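Enquirer: Input structure: query.txt, which contains compact mmCIF, C-alpha atoms.
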```txt
# COMPACT_ATOMS: atom_id res chain seq x y z
CA MET A 196 -27.09 -3.38 -99.09
CA ALA A 197 -29.95 -2.97 -101.54
CA GLU A 198 -33.44 -2.11 -100.39
CA GLN A 199 -35.27 -5.25 -99.26
CA ALA A 200 -38.93 -4.23 -99.11
CA THR A 201 -40.84 -2.22 -101.68
CA GLY A 202 -38.58 -0.51 -104.16
CA ARG A 203 -35.33 -1.65 -105.79
CA PRO A 204 -31.79 -0.34 -106.39
CA GLY A 205 -31.91 2.54 -108.81
CA ALA A 206 -35.60 3.17 -108.20
CA SER A 207 -36.96 6.67 -107.83
CA ASP A 208 -36.02 8.51 -104.66
CA GLU A 209 -39.67 9.48 -104.27
CA THR A 210 -41.41 7.52 -101.51
CA PRO A 211 -44.97 6.54 -102.51
CA VAL A 212 -47.85 8.23 -100.74
CA GLY A 213 -48.67 6.41 -97.51
CA GLN A 214 -45.23 4.82 -97.32
CA ARG A 215 -42.16 5.70 -95.28
CA THR A 216 -38.54 4.97 -96.17
CA VAL A 217 -36.50 4.06 -93.11
CA LEU A 218 -33.00 2.82 -92.34
CA VAL A 219 -32.86 -0.41 -90.36
CA VAL A 220 -29.64 -1.53 -88.67
CA ASP A 221 -28.84 -5.21 -88.16
CA LEU A 222 -29.07 -5.69 -84.38
CA ASP A 223 -28.77 -9.48 -84.59
CA GLY A 224 -32.51 -9.96 -84.26
CA GLU A 225 -33.12 -7.76 -81.22
CA PRO A 226 -36.03 -5.82 -82.80
CA LEU A 227 -37.77 -9.05 -83.82
CA ALA A 228 -38.18 -10.47 -80.30
CA PRO A 229 -40.71 -7.89 -79.05
CA LEU A 230 -42.58 -8.03 -82.37
CA ARG A 231 -42.89 -11.82 -82.12
CA ALA A 232 -44.10 -11.55 -78.54
CA LEU A 233 -46.62 -8.94 -79.69
CA GLU A 234 -47.82 -11.20 -82.49
CA GLU A 235 -48.53 -14.00 -80.01
CA ILE A 236 -50.41 -11.62 -77.71
CA LEU A 237 -52.52 -10.26 -80.55
CA LEU A 238 -53.27 -13.74 -81.87
CA CYS A 239 -54.68 -14.61 -78.44
CA LEU A 240 -56.74 -11.42 -78.38
CA GLY A 241 -58.12 -12.19 -81.80
CA THR A 242 -59.15 -15.66 -80.62
CA TRP A 243 -60.82 -14.19 -77.53
CA GLU A 244 -62.76 -11.76 -79.70
CA ASP A 245 -63.87 -14.59 -81.99
CA ASP A 246 -65.01 -16.67 -79.02
CA ASP A 247 -67.06 -13.75 -77.66
CA ARG A 248 -68.78 -13.28 -81.01
CA GLN A 249 -69.48 -16.96 -81.63
CA GLY A 250 -70.54 -18.00 -78.15
CA PRO A 251 -71.08 -15.11 -75.75
CA GLY A 252 -71.29 -16.30 -72.16
CA THR A 253 -74.32 -15.49 -70.05
CA ASP A 254 -72.32 -15.16 -66.82
CA THR A 255 -69.42 -13.05 -68.11
CA GLU A 256 -69.16 -9.79 -69.97
CA PRO A 257 -67.57 -9.84 -73.43
CA LEU A 258 -63.97 -8.72 -73.59
CA ARG A 259 -63.77 -5.02 -74.37
CA VAL A 260 -60.82 -4.41 -76.69
CA SER A 261 -60.03 -0.88 -77.82
CA ALA A 262 -58.44 0.27 -81.06
CA PRO A 263 -56.00 -0.64 -82.51
CA LEU A 264 -56.05 -3.96 -80.61
CA ALA A 265 -59.59 -4.77 -81.75
CA GLY A 266 -60.46 -6.50 -85.00
CA ARG A 267 -56.92 -7.84 -85.57
CA VAL A 268 -55.83 -4.44 -86.89
CA ALA A 269 -52.68 -4.35 -84.77
CA LEU A 270 -52.03 -8.03 -85.51
CA ALA A 271 -52.00 -7.44 -89.26
CA ALA A 272 -49.63 -4.49 -88.88
CA ALA A 273 -47.28 -6.44 -86.61
CA GLN A 274 -47.16 -9.35 -89.04
CA ARG A 275 -46.39 -7.09 -91.99
CA LEU A 276 -43.59 -5.42 -90.02
CA LEU A 277 -42.16 -8.80 -89.01
CA THR A 278 -42.13 -9.95 -92.62
CA ALA A 279 -40.33 -6.78 -93.73
CA LEU A 280 -37.81 -6.58 -90.88
CA ALA A 281 -36.81 -10.25 -90.61
CA PRO A 282 -34.50 -10.25 -93.68
CA THR A 283 -32.59 -7.25 -92.27
CA GLN A 284 -31.54 -9.08 -89.09
CA SER A 285 -28.74 -11.62 -88.46
CA ARG A 286 -27.63 -11.37 -92.07
CA GLY A 287 -25.19 -14.04 -93.13
CA PRO A 288 -22.08 -13.85 -95.33
CA GLY A 289 -22.53 -12.93 -98.95
CA CYS A 290 -24.98 -10.12 -98.28
CA GLY A 291 -22.39 -7.40 -98.75
CA ARG A 292 -20.60 -5.41 -96.08
CA LEU A 293 -20.93 -1.78 -95.02
CA LEU A 294 -17.39 -0.42 -94.77
CA ALA A 295 -15.81 2.79 -93.57
CA PRO A 296 -13.75 4.83 -96.09
CA ASP A 297 -10.81 2.82 -97.46
CA GLY A 298 -12.27 -0.27 -95.79
CA ARG A 299 -10.71 0.62 -92.43
CA TYR A 300 -13.44 -1.18 -90.48
CA GLU A 301 -16.88 -2.65 -90.89
CA HIS A 302 -20.19 -1.25 -89.71
CA ALA A 303 -23.24 -3.32 -88.79
CA PRO A 304 -25.27 -3.85 -91.97
CA LEU A 305 -27.82 -1.18 -92.78
CA THR A 306 -30.89 -1.66 -94.96
CA ALA A 307 -33.22 0.88 -96.55
CA LEU A 308 -36.83 -0.25 -96.29
CA THR A 309 -40.05 1.30 -97.50
CA LEU A 310 -42.85 0.48 -95.06
CA PRO A 311 -46.51 1.45 -94.77
CA ALA A 312 -46.63 4.56 -92.59
CA ALA A 313 -49.90 3.32 -91.09
CA ASP A 314 -48.22 0.18 -89.76
CA ILE A 315 -45.61 2.24 -87.92
CA ASN A 316 -48.35 4.43 -86.47
CA VAL A 317 -50.34 1.36 -85.40
CA LEU A 318 -47.26 -0.10 -83.69
CA SER A 319 -46.84 3.09 -81.69
CA ALA A 320 -50.53 3.18 -80.79
CA THR A 321 -50.40 -0.50 -79.80
CA ALA A 322 -47.55 0.16 -77.39
CA ASP A 323 -49.59 3.01 -75.88
CA ALA A 324 -52.67 0.78 -75.53
CA LEU A 325 -50.78 -2.10 -73.91
CA GLY A 326 -49.07 0.28 -71.51
CA HIS A 327 -52.26 2.05 -70.42
CA PRO A 328 -52.72 1.91 -66.64
CA ARG A 329 -56.37 0.89 -67.08
CA LEU A 330 -55.70 -1.93 -69.50
CA ASN A 331 -58.11 -4.83 -69.02
CA ALA A 332 -56.72 -7.10 -66.26
CA ASN A 333 -56.94 -10.23 -68.43
CA ILE A 334 -55.07 -8.56 -71.27
CA ALA A 335 -52.47 -7.17 -68.86
CA GLU A 336 -51.87 -10.67 -67.48
CA LEU A 337 -51.52 -12.01 -71.05
CA VAL A 338 -48.94 -9.34 -71.86
CA ASP A 339 -47.01 -10.04 -68.66
CA ASP A 340 -46.88 -13.75 -69.47
CA HIS A 341 -45.39 -13.15 -72.91
CA ALA A 342 -43.09 -10.41 -71.67
CA GLU A 343 -41.45 -12.84 -69.25
CA GLN A 344 -40.08 -14.79 -72.22
CA LEU A 345 -37.99 -11.77 -73.28
CA GLY A 346 -35.80 -12.04 -70.17
CA GLY A 347 -34.29 -15.32 -71.29
CA GLY A 348 -34.01 -16.48 -67.69
CA TYR A 349 -31.42 -13.82 -66.84
CA ARG A 350 -33.78 -11.25 -65.41
CA ARG A 351 -37.48 -10.81 -64.81
CA THR A 352 -39.31 -8.87 -67.50
CA ASP A 353 -42.87 -7.62 -67.44
CA ARG A 354 -45.38 -5.59 -69.42
CA THR A 355 -43.42 -2.37 -68.89
CA ASP A 356 -40.33 -3.88 -70.54
CA LEU A 357 -42.23 -5.15 -73.56
CA VAL A 358 -44.12 -1.90 -74.02
CA SER A 359 -40.84 0.02 -73.81
CA LEU A 360 -39.25 -2.15 -76.51
CA LEU A 361 -42.26 -1.77 -78.81
CA ALA A 362 -42.32 2.00 -78.33
CA ARG A 363 -38.58 2.26 -78.99
CA LEU A 364 -38.90 0.13 -82.13
CA ALA A 365 -41.71 2.36 -83.36
CA GLY A 366 -39.44 5.33 -82.66
CA LEU A 367 -36.63 3.79 -84.72
CA LEU A 368 -38.99 3.22 -87.64
CA ASP A 369 -40.35 6.75 -87.24
CA LEU A 370 -36.95 8.44 -87.10
CA ALA A 371 -37.35 11.81 -88.78
CA PRO A 372 -35.66 11.92 -92.20
CA SER A 373 -32.65 14.20 -92.53
CA ASP A 374 -30.00 15.04 -95.10
CA ASP A 375 -27.91 12.28 -93.49
CA THR A 376 -30.56 9.58 -93.83
CA ARG A 377 -31.35 10.65 -97.39
CA LEU A 378 -27.65 10.48 -98.33
CA LEU A 379 -27.26 7.00 -96.85
CA THR A 380 -30.51 5.75 -98.36
CA ALA A 381 -29.47 6.88 -101.84
CA ARG A 382 -26.10 5.14 -101.49
CA LEU A 383 -27.61 1.88 -100.25
CA ARG A 384 -30.14 1.85 -103.06
CA ALA A 385 -27.39 2.41 -105.62
CA THR A 386 -25.27 -0.50 -104.32
CA PRO A 387 -25.92 -3.80 -106.15
CA PRO A 388 -27.15 -6.63 -103.91
CA GLY A 389 -24.40 -8.77 -102.39
CA THR A 390 -21.60 -6.28 -102.98
CA ASP A 391 -19.64 -4.30 -100.42
CA CYS A 392 -20.56 -0.65 -99.87
CA VAL A 393 -17.54 1.52 -99.02
CA LEU A 394 -18.71 4.84 -97.63
CA THR A 395 -17.19 8.15 -98.63
CA ASP A 396 -15.97 10.55 -95.94
CA ALA A 397 -19.24 12.48 -96.17
CA GLU A 398 -21.30 9.29 -95.96
CA GLU A 399 -19.22 8.08 -93.00
CA ALA A 400 -19.96 11.30 -91.14
CA ALA A 401 -23.64 10.94 -92.00
CA HIS A 402 -23.57 7.35 -90.76
CA ALA A 403 -22.01 8.38 -87.43
CA ARG A 404 -24.67 11.03 -86.80
CA THR A 405 -27.49 8.68 -87.82
CA ALA A 406 -26.11 5.86 -85.66
CA ASP A 407 -26.02 8.20 -82.68
CA ARG A 408 -29.69 9.06 -83.23
CA MET A 409 -30.61 5.38 -83.55
CA ASN A 410 -28.61 4.47 -80.47
CA HIS A 411 -30.26 7.20 -78.41
CA MET A 412 -33.67 5.83 -79.42
CA TRP A 413 -33.02 2.08 -79.09
CA ALA A 414 -30.35 1.80 -76.36
CA HIS A 415 -30.76 5.10 -74.51
CA GLY A 416 -27.28 6.23 -75.55
CA SER A 417 -25.38 3.44 -73.79
CA GLY A 418 -21.66 3.69 -74.53
CA ILE A 419 -21.39 -0.08 -74.88
CA ASP A 420 -24.37 -0.45 -77.20
CA ARG A 421 -22.98 2.33 -79.40
CA TYR A 422 -20.57 -0.20 -80.91
CA LEU A 423 -23.44 -2.20 -82.33
CA TYR A 424 -23.58 0.43 -85.02
```
Hey, can you dump this file as structure tokens for me?

Expert:
Amino acid sequence: MAEQATGRPGASDETPVGQRTVLVVDLDGEPLAPLRALEEILLCLGTWEDDDRQGPGTDTEPLRVSAPLAGRVALAAAQRLLTALAPTQSRGPGCGRLLAPDGRYEHAPLTALTLPAADINVLSATADALGHPRLNANIAELVDDHAEQLGGGYRRTDRTDLVSLLARLAGLLDLAPSDDTRLLTARLRATPPGTDCVLTDAEEAAHARTADRMNHMWAHGSGIDRYLY
């Protein structure tokens, strides 16, 4: 349950300037899928930009890419977020459990991460850019193509679905700190890696309120999805 990005158990509670400490719940990899799709999209955009610079066509206009999509800015942010979030998802045995008071039941693992605030802001701005109604038609088609992979063959997904997932993930990472999140973060940081963390009654109450906020952001308050937390 120890912090898995910048910082370490027992480190100062002060978050460095330009960084944001967030709580990330293990959703069995769900948050990684839209980020990986985004990475592929942005890699393609970066290649298109390079091609335009190296060999501009005489019969076509160069691709106009707005911030933060241009210059691989969004790509770099997405890749840093993927690197930080991947270890928090689909955690195997031996990583330590998050338990209710007296070990009555187990919660989904929770990790405290310190991330660059700018990367979270860029993710939000990227979702806005990709969802813009006047997005370049070629880019919109590229996003639709990658969004279809998120459906897994069970249902059709499109740009709207991917943009929604990216915006909701940015919202999770931008969840406003509260006394509850600060209490849980301090406890997670104080728990040695690989050991179980048994919450106190106060921490359990804080966890329930925080989980409700996360669920409202990620799953729109679904009663079924609530049990993921």

Enquirer: Could you jot down the CA of Met409 (chain A) to CA of Gln284 (chain A) separation for me, Å, one decimal place?

Expert: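 Going from CA of Met409 (chain A) over to CA of Gln284 (chain A) covers 15.5 Å.
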
Enquirer: What is the distance, in Å and to one decimal place, between CA of Glu234 (chain A) and CA of Leu330 (chain A)?

Expert: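 Pair CA of Glu234 (chain A) / CA of Leu330 (chain A) returns 17.8 Å.
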
Enquirer: I'd like the neighbourhood of Pro372 (chain A) as a PDB file with C-alpha atoms, keeping the file's coordinate frame, where a residue qualifies if any of its atoms comes within 12 Å (using only C-alpha atoms), though same-chain residues fewer than 2 positions away should be ignored.

Expert:
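For reference, part34.pdb as written:
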```pdb
ATOM      1  CA  THR A 210     -41.410   7.520-101.510  1.00  0.00           C
ATOM      2  CA  ARG A 215     -42.160   5.700 -95.280  1.00  0.00           C
ATOM      3  CA  THR A 216     -38.540   4.970 -96.170  1.00  0.00           C
ATOM      4  CA  VAL A 217     -36.500   4.060 -93.110  1.00  0.00           C
ATOM      5  CA  LEU A 218     -33.000   2.820 -92.340  1.00  0.00           C
ATOM      6  CA  LEU A 367     -36.630   3.790 -84.720  1.00  0.00           C
ATOM      7  CA  LEU A 368     -38.990   3.220 -87.640  1.00  0.00           C
ATOM      8  CA  ASP A 369     -40.350   6.750 -87.240  1.00  0.00           C
ATOM      9  CA  LEU A 370     -36.950   8.440 -87.100  1.00  0.00           C
ATOM     10  CA  ASP A 374     -30.000  15.040 -95.100  1.00  0.00           C
ATOM     11  CA  ASP A 375     -27.910  12.280 -93.490  1.00  0.00           C
ATOM     12  CA  THR A 376     -30.560   9.580 -93.830  1.00  0.00           C
ATOM     13  CA  ARG A 377     -31.350  10.650 -97.390  1.00  0.00           C
ATOM     14  CA  LEU A 378     -27.650  10.480 -98.330  1.00  0.00           C
ATOM     15  CA  LEU A 379     -27.260   7.000 -96.850  1.00  0.00           C
ATOM     16  CA  THR A 380     -30.510   5.750 -98.360  1.00  0.00           C
ATOM     17  CA  THR A 405     -27.490   8.680 -87.820  1.00  0.00           C
ATOM     18  CA  ARG A 408     -29.690   9.060 -83.230  1.00  0.00           C
ATOM     19  CA  MET A 409     -30.610   5.380 -83.550  1.00  0.00           C
TER      20      MET A 409
END
```

Enquirer: Just checking: using all atoms listed in the file, which residue out of A:Thr306, A:Thr242, A:Asn331, A:Thr321 ends up closest to Val260 (chain A)?

Expert: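 Looking at the shortest contact to Val260 (chain A), the residue is A:Asn331.
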
Enquirer: As an exercise, work out the distance from CA of Ala232 (chain A) to CA of Ala265 (chain A) in Å and give it to one decimal place.

Expert: 17.2 Å

Enquirer: Residues near Ala269 (chain A), anyone? I mean within 7 Å using all atoms listed in the file, not counting same-chain ones fewer than 6 positions away, as a list of chain:residue names.

Expert: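 Contacts, with the query itself left out: A:Pro263, A:Val317, A:Leu318, A:Thr321.
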
Enquirer: Please list, as a VMD selection string, the residues that have an atom at most 12 Å away from (-14.4, 0.3, -92.6) in the coordinates of this file, counting all atoms listed in the file.

Expert: chain A and resid 292 to 304 391 to 396 398 to 399 402 424

Enquirer: Nearest residue to Leu277 (chain A) out of A:His341, A:Asp353, A:Leu364, A:Pro388, using only C-alpha atoms?

Expert: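 Closest to Leu277 (chain A) of all the choices is A:Leu364.
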
Enquirer: Between A:Leu361, A:Ser261, A:Ala324, A:Pro211, which one has atoms that come closest to Ala342 (chain A), using only C-alpha atoms?

Expert: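 Checking each candidate against Ala342 (chain A), we get A:Leu361 as the closest.
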
Enquirer: Mind checking which residues fall within 9 Å of Arg354 (chain A), counting all atoms listed in the file, ignoring those fewer than 4 positions away in the same chain, and posting them as a PyMOL selection string?

Expert: chain A and resi 325-326+335-336+338-343+358-359

Enquirer: Could you save the residues just selected, with C-alpha atoms, as a PDB file, in the frame of the given file?

Expert:
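The resulting part30.pdb:
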```pdb
ATOM      1  CA  LEU A 325     -50.780  -2.100 -73.910  1.00  0.00           C
ATOM      2  CA  GLY A 326     -49.070   0.280 -71.510  1.00  0.00           C
ATOM      3  CA  ALA A 335     -52.470  -7.170 -68.860  1.00  0.00           C
ATOM      4  CA  GLU A 336     -51.870 -10.670 -67.480  1.00  0.00           C
ATOM      5  CA  VAL A 338     -48.940  -9.340 -71.860  1.00  0.00           C
ATOM      6  CA  ASP A 339     -47.010 -10.040 -68.660  1.00  0.00           C
ATOM      7  CA  ASP A 340     -46.880 -13.750 -69.470  1.00  0.00           C
ATOM      8  CA  HIS A 341     -45.390 -13.150 -72.910  1.00  0.00           C
ATOM      9  CA  ALA A 342     -43.090 -10.410 -71.670  1.00  0.00           C
ATOM     10  CA  GLU A 343     -41.450 -12.840 -69.250  1.00  0.00           C
ATOM     11  CA  VAL A 358     -44.120  -1.900 -74.020  1.00  0.00           C
ATOM     12  CA  SER A 359     -40.840   0.020 -73.810  1.00  0.00           C
TER      13      SER A 359
END
```

Enquirer: Looking at only C-alpha atoms, which of A:Gly389, A:Leu383, A:Val219, A:Thr355 is the one that sits closest to Asn410 (chain A)?

Expert: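 The closest residue to Asn410 (chain A) is A:Val219.
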
Enquirer: Looking at all atoms listed in the file, which of A:Asp223, A:Arg363, A:Ala400, A:Met412 is the one that sits closest to Gly287 (chain A)?

Expert: A:Asp223
